[in-house]
$ cat protein-v8.txt   # compact mmCIF, C-alpha atoms
# COMPACT_ATOMS: atom_id res chain seq x y z
CA MET B 70 9.45 11.29 35.27
CA LYS B 71 6.97 12.56 32.69
CA LYS B 72 4.06 11.49 34.86
CA ILE B 73 5.48 13.46 37.78
CA VAL B 74 5.84 16.57 35.63
CA VAL B 75 2.30 16.27 34.28
CA GLY B 76 0.95 15.70 37.78
CA SER B 77 2.74 18.78 39.08
CA ILE B 78 1.27 20.90 36.29
CA LEU B 79 -2.23 19.68 37.03
CA TRP B 80 -1.78 20.34 40.74
CA MET B 81 -0.58 23.89 40.08
CA LEU B 82 -3.52 24.56 37.74
CA ALA B 83 -5.93 23.20 40.31
CA ALA B 84 -4.50 25.54 42.92
CA VAL B 85 -4.78 28.62 40.68
CA LEU B 86 -7.79 28.01 38.41
CA PRO B 87 -11.30 27.01 39.47
CA ILE B 88 -12.70 23.67 38.38
CA PRO B 89 -14.88 25.06 35.51
CA ALA B 90 -11.86 26.82 34.05
CA MET B 91 -9.75 23.64 34.20
CA ALA B 92 -12.31 21.77 32.14
CA GLY B 93 -11.31 23.77 29.07
CA VAL B 94 -7.55 23.34 29.51
CA ASP B 95 -5.93 20.98 26.97
CA ILE B 96 -2.48 19.73 27.96
CA HIS B 97 -0.16 18.37 25.26
CA VAL B 98 3.00 16.49 26.21
CA SER B 99 5.48 16.69 23.33
CA ILE B 100 7.92 13.85 22.79
CA PRO B 101 11.48 15.14 22.44
CA LEU B 102 13.28 14.42 19.19
CA PRO B 103 16.82 13.04 19.03
CA PRO B 104 19.60 15.55 18.45
CA PRO B 105 20.72 15.89 14.84
CA VAL B 106 23.80 14.02 13.65
CA VAL B 107 26.29 16.15 11.76
CA PHE B 108 27.85 14.46 8.72
CA SER B 109 30.95 15.92 7.13
CA ALA B 110 30.39 13.66 4.12
CA PRO B 111 27.70 11.19 3.06
CA PRO B 112 28.24 8.02 5.13
CA VAL B 113 28.49 4.52 3.72
CA ALA B 114 26.17 1.67 4.58
CA VAL B 115 26.60 -2.10 4.75
CA VAL B 116 24.00 -4.84 4.66
CA ILE B 117 23.80 -6.99 7.79
CA PRO B 118 24.49 -10.54 6.53
CA GLY B 119 21.45 -12.79 6.47
CA THR B 120 19.04 -9.84 6.55
CA TYR B 121 18.02 -6.94 4.39
CA VAL B 122 18.79 -4.45 7.12
CA TYR B 123 21.40 -1.81 6.34
CA ALA B 124 23.54 -0.01 8.90
CA LEU B 125 25.91 2.96 8.97
CA PRO B 126 29.00 1.37 10.53
CA ASP B 127 31.20 4.48 10.68
CA VAL B 128 28.63 6.57 12.56
CA PRO B 129 28.75 6.39 16.39
CA GLU B 130 24.95 6.45 16.65
CA ASP B 131 22.92 3.43 15.59
CA ILE B 132 21.19 4.34 12.34
CA PHE B 133 19.61 1.62 10.22
CA PHE B 134 17.70 1.43 6.96
CA TYR B 135 14.89 -1.05 6.42
CA GLY B 136 11.64 -1.12 4.47
CA GLY B 137 12.13 2.30 2.90
CA TRP B 138 12.74 4.07 6.25
CA TRP B 139 15.75 5.18 8.24
CA TRP B 140 15.53 4.08 11.88
CA ARG B 141 17.24 5.36 14.99
CA PRO B 142 16.94 4.50 18.70
CA TRP B 143 17.41 7.23 21.27
CA GLU B 144 16.78 7.23 25.03
CA GLY B 145 14.56 4.17 25.00
CA ARG B 146 12.42 5.21 22.04
CA TRP B 147 12.59 4.61 18.30
CA TYR B 148 12.40 7.23 15.56
CA ARG B 149 12.19 6.98 11.81
CA SER B 150 12.63 9.27 8.82
CA ARG B 151 12.84 9.24 5.05
CA GLN B 152 16.29 10.82 5.36
CA TYR B 153 19.25 9.65 7.39
CA HIS B 154 20.24 13.08 8.68
CA SER B 155 16.95 14.85 9.56
CA GLY B 156 13.16 14.66 9.69
CA TRP B 157 12.90 12.18 12.58
CA SER B 158 9.48 11.36 14.03
CA SER B 159 8.56 9.18 16.98
CA TYR B 160 7.70 5.53 16.32
CA HIS B 161 5.49 3.59 18.70
CA GLY B 162 7.20 0.39 19.82
CA VAL B 163 10.30 -1.40 18.57
CA PRO B 164 10.67 -2.28 14.87
CA ALA B 165 10.61 -6.03 14.26
CA PHE B 166 13.84 -6.06 12.25
CA HIS B 167 15.91 -5.01 15.26
CA SER B 168 15.75 -8.48 16.81
CA ARG B 169 17.68 -9.87 13.82
CA ILE B 170 20.70 -7.60 14.32
CA PRO B 171 23.44 -9.19 16.47
CA PRO B 172 24.70 -6.91 19.25
CA GLY B 173 28.34 -7.29 18.15
CA TRP B 174 27.89 -6.39 14.50
CA ARG B 175 30.20 -3.37 14.81
CA SER B 176 33.04 -5.52 16.15
CA ASP B 177 32.59 -7.95 13.28
CA TYR B 178 32.67 -5.04 10.85
CA ARG B 179 35.96 -3.73 12.22
CA ALA B 180 37.48 -7.24 12.22
CA ARG B 181 36.12 -7.96 8.73
CA HIS B 182 34.75 -11.24 10.07
CA TRP B 183 31.14 -12.36 10.46
CA LYS B 184 30.64 -15.08 13.07
CA GLY B 185 34.18 -16.32 12.51
CA HIS B 186 34.07 -16.24 8.69
CA PRO B 187 35.83 -13.72 6.44
CA TRP B 188 33.46 -10.87 5.64
CA ASP B 189 34.10 -9.06 2.37
CA TYR B 190 31.43 -6.43 2.84
CA ARG B 191 30.55 -3.87 0.23
CA HIS B 192 30.16 -0.18 1.00
CA ILE B 193 26.88 1.23 -0.28
CA PRO B 194 26.20 4.96 -0.70
CA PRO B 195 23.08 5.82 1.32
CA GLY B 196 21.55 7.51 -1.70
CA GLN B 197 21.22 4.13 -3.44
CA LEU B 198 19.09 2.51 -0.73
CA PRO B 199 15.76 4.34 -1.23
CA HIS B 200 15.80 3.44 -4.93
CA ASN B 201 17.16 -0.12 -4.85
CA TRP B 202 16.20 -1.77 -1.54
CA LYS B 203 12.94 -3.25 -2.84
CA THR B 204 14.48 -4.67 -6.03
CA TRP B 205 17.44 -6.10 -4.11
CA LYS B 206 15.14 -7.88 -1.70
CA LYS B 207 12.83 -9.21 -4.41
CA ASN B 208 15.69 -10.55 -6.54
CA LYS B 209 17.66 -11.90 -3.54
CA HIS B 210 20.56 -9.71 -4.58
CA TRP B 211 22.81 -10.23 -1.58
CA GLU B 212 22.40 -14.00 -1.50
CA LYS B 213 23.64 -14.09 -5.07
CA GLU B 214 26.26 -11.41 -4.48
CA ASN B 215 29.01 -13.65 -3.10
CA ASN B 216 26.85 -15.13 -0.32
CA TRP B 217 26.26 -11.83 1.51
CA GLY B 218 30.01 -11.24 1.23
CA VAL B 219 30.70 -13.91 3.87
CA ARG B 220 32.95 -16.75 2.78
CA GLY B 221 32.29 -20.33 3.86
CA MET B 222 29.08 -19.73 5.84
CA GLN B 223 25.67 -21.29 5.27
CA PHE B 224 22.69 -18.96 5.70
CA GLN B 225 19.10 -19.90 6.26
CA PRO B 226 16.71 -19.02 3.42
CA SER B 227 15.50 -15.47 3.84
CA SER B 228 11.98 -16.27 2.60
CA ARG B 229 9.52 -19.02 3.54
CA LYS B 230 7.67 -18.71 0.25
CA ASP B 231 10.15 -20.86 -1.64
CA HIS B 232 9.99 -23.53 1.06
CA ARG B 233 6.22 -23.77 0.78
CA LYS B 234 6.56 -24.05 -2.98
CA HIS B 235 8.77 -27.14 -2.72
CA VAL B 236 6.65 -29.02 -0.18
CA SER B 237 3.24 -28.24 -1.65
CA PRO B 238 1.61 -31.33 -3.24
CA ARG B 239 0.83 -31.42 -6.91
CA ARG B 240 -2.71 -30.74 -7.89
CA PRO B 241 -4.62 -33.57 -9.61
CA GLY B 242 -4.85 -33.21 -13.36
CA ASN B 243 -1.70 -31.09 -13.68
CA GLY B 244 0.58 -32.59 -16.29
CA GLY B 245 -0.90 -36.07 -15.93
CA HIS B 246 0.14 -36.39 -12.27
CA SER B 247 -3.33 -37.11 -10.96
CA PRO B 248 -3.45 -40.08 -8.55
CA HIS B 249 -6.38 -41.42 -10.57
CA ALA B 250 -4.28 -41.30 -13.74
CA GLN B 251 -1.52 -43.25 -12.00
CA PHE B 252 -4.04 -45.88 -10.97
CA HIS B 253 -5.27 -46.33 -14.53
CA ARG B 254 -1.72 -46.55 -15.82
CA GLY B 255 -1.00 -49.33 -13.32
CA GLN B 256 -4.23 -51.21 -14.14
CA PRO B 257 -4.55 -51.72 -17.93
CA HIS B 258 -7.99 -51.83 -19.51
CA ARG B 259 -9.51 -55.29 -19.98
CA GLN B 260 -9.62 -56.26 -23.62
CA VAL B 261 -12.14 -58.75 -24.99
CA SER B 262 -10.55 -61.35 -27.23
CA PRO B 263 -12.17 -61.61 -30.66
CA GLY B 264 -14.45 -64.54 -31.35
CA PRO B 265 -13.79 -67.25 -33.96
CA HIS B 266 -15.72 -65.35 -36.70
CA GLN B 267 -14.60 -61.86 -35.61
CA GLN B 268 -11.69 -60.04 -37.14
CA PRO B 269 -9.16 -58.50 -34.69
CA GLY B 270 -10.15 -54.93 -33.88
CA GLN B 271 -13.73 -55.44 -35.08
CA LYS B 272 -16.34 -54.37 -32.57
CA ASP B 273 -19.05 -56.71 -31.41
CA ARG B 274 -22.34 -56.11 -33.12
CA GLN B 275 -25.41 -55.93 -30.99
CA LYS B 276 -28.08 -58.41 -32.01
CA ASP B 277 -31.33 -57.01 -33.19
CA PRO B 278 -34.22 -58.96 -31.62
CA HIS B 279 -36.32 -58.33 -34.79
CA ASP B 280 -33.70 -59.81 -37.11
CA ARG B 281 -34.85 -63.44 -36.91
CA GLY B 282 -33.04 -64.58 -40.03
CA GLY B 283 -29.67 -63.30 -39.04
CA ASP B 284 -28.54 -66.48 -37.31
CA LYS B 285 -29.82 -68.64 -40.21
CA ARG B 286 -27.98 -66.61 -42.82
CA GLN B 287 -24.79 -66.82 -40.77
CA ALA B 288 -25.19 -70.61 -40.35
CA ARG B 289 -25.82 -70.98 -44.10
CA ARG B 290 -22.43 -69.34 -44.75
$ encode --input "protein-v8.txt" --output "structure tokens"
Amino acid sequence: MKKIVVGSILWMLAAVLPIPAMAGVDIHVSIPLPPPVVFSAPPVAVVIPGTYVYALPDVPEDIFFYGGWWWRPWEGRWYRSRQYHSGWSSYHGVPAFHSRIPPGWRSDYRARHWKGHPWDYRHIPPGQLPHNWKTWKKNKHWEKENNWGVRGMQFQPSSRKDHRKHVSPRRPGNGGHSPHAQFHRGQPHRQVSPGPHQQPGQKDRQKDPHDRGGDKRQARR
């Protein structure tokens, strides 16, 4: 539809203005902004279990909070703002977090069940999110807060960093876990048994080729 409108404008300008005059015409197509949402009181938010995406469940429009921004889809486009009630600007593409939100999350919210498990969600004032979202995500707040509020359900780890930490091999020389150290522990050092005239623990003396009387003195003893 927008292409048709732009084409019609160009055709009309071509019919009225000569070609040299059209070269200096700059046409801007503005992207419409979504209509404002009127709030009688500050809405409450809930965290979507298994994610760090927050939603406003009591608002008819889909408004989410993620990564320090408020997000809102409208007529096939996405918009974001630092505030949940105004200041929307167009966003190119679809935010990646949206694929992790189940389509029936509102029904689960009303039924207080998440995927068949009791969901004891917690209402969060929207004013707390801009100040706490980063700390909550870093400290895994909602995993520790009663398992995202969902009873009896196992969630996948929200971060792959911990998984890599557990499977990474130990570095040689760290705490005596080097494979070479293990080999030496399994193979003890060869010890030379003391001779008949050598005390235990006494090191072998190297013979001096210039000491010709050494053997005679030892035999005399």
$ atom_distance --input "protein-v8.txt" --atom1 "atom CA of Pro194 of chain B" --atom2 "atom CA of Pro172 of chain B"
23.3 Å
$ closest_residue --input "protein-v8.txt" --among "B:Trp202, B:Tyr178, B:Phe108, B:Tyr135" --to "His154 of chain B" --atoms "all atoms listed in the file"
B:Phe108
$ atom_distance --input "protein-v8.txt" --atom1 "atom CA of His210 of chain B" --atom2 "atom CA of Trp147 of chain B"
28.1 Å
$ residues_around --input "protein-v8.txt" --residues "Trp188 of chain B" --least-positions-apart "2" --cutoff "7 Å" --atoms "all atoms listed in the file" --output "MDAnalysis selection string"
chainID B and resid 181:183 186 190 218:220
$ write_last_selection --input "protein-v8.txt" --atoms "C-alpha atoms" --output "compact mmCIF listing (two decimals), in the coordinates of the input"
# COMPACT_ATOMS: atom_id res chain seq x y z
CA ARG B 181 36.12 -7.96 8.73
CA HIS B 182 34.75 -11.24 10.07
CA TRP B 183 31.14 -12.36 10.46
CA HIS B 186 34.07 -16.24 8.69
CA TYR B 190 31.43 -6.43 2.84
CA GLY B 218 30.01 -11.24 1.23
CA VAL B 219 30.70 -13.91 3.87
CA ARG B 220 32.95 -16.75 2.78
$ closest_residue --input "protein-v8.txt" --among "B:Glu212, B:Asp177, B:Glu144, B:Asp131" --to "Phe224 of chain B" --atoms "only C-alpha atoms"
B:Glu212
$ atom_distance --input "protein-v8.txt" --atom1 "atom CA of Arg149 of chain B" --atom2 "atom CA of His167 of chain B"
13.0 Å
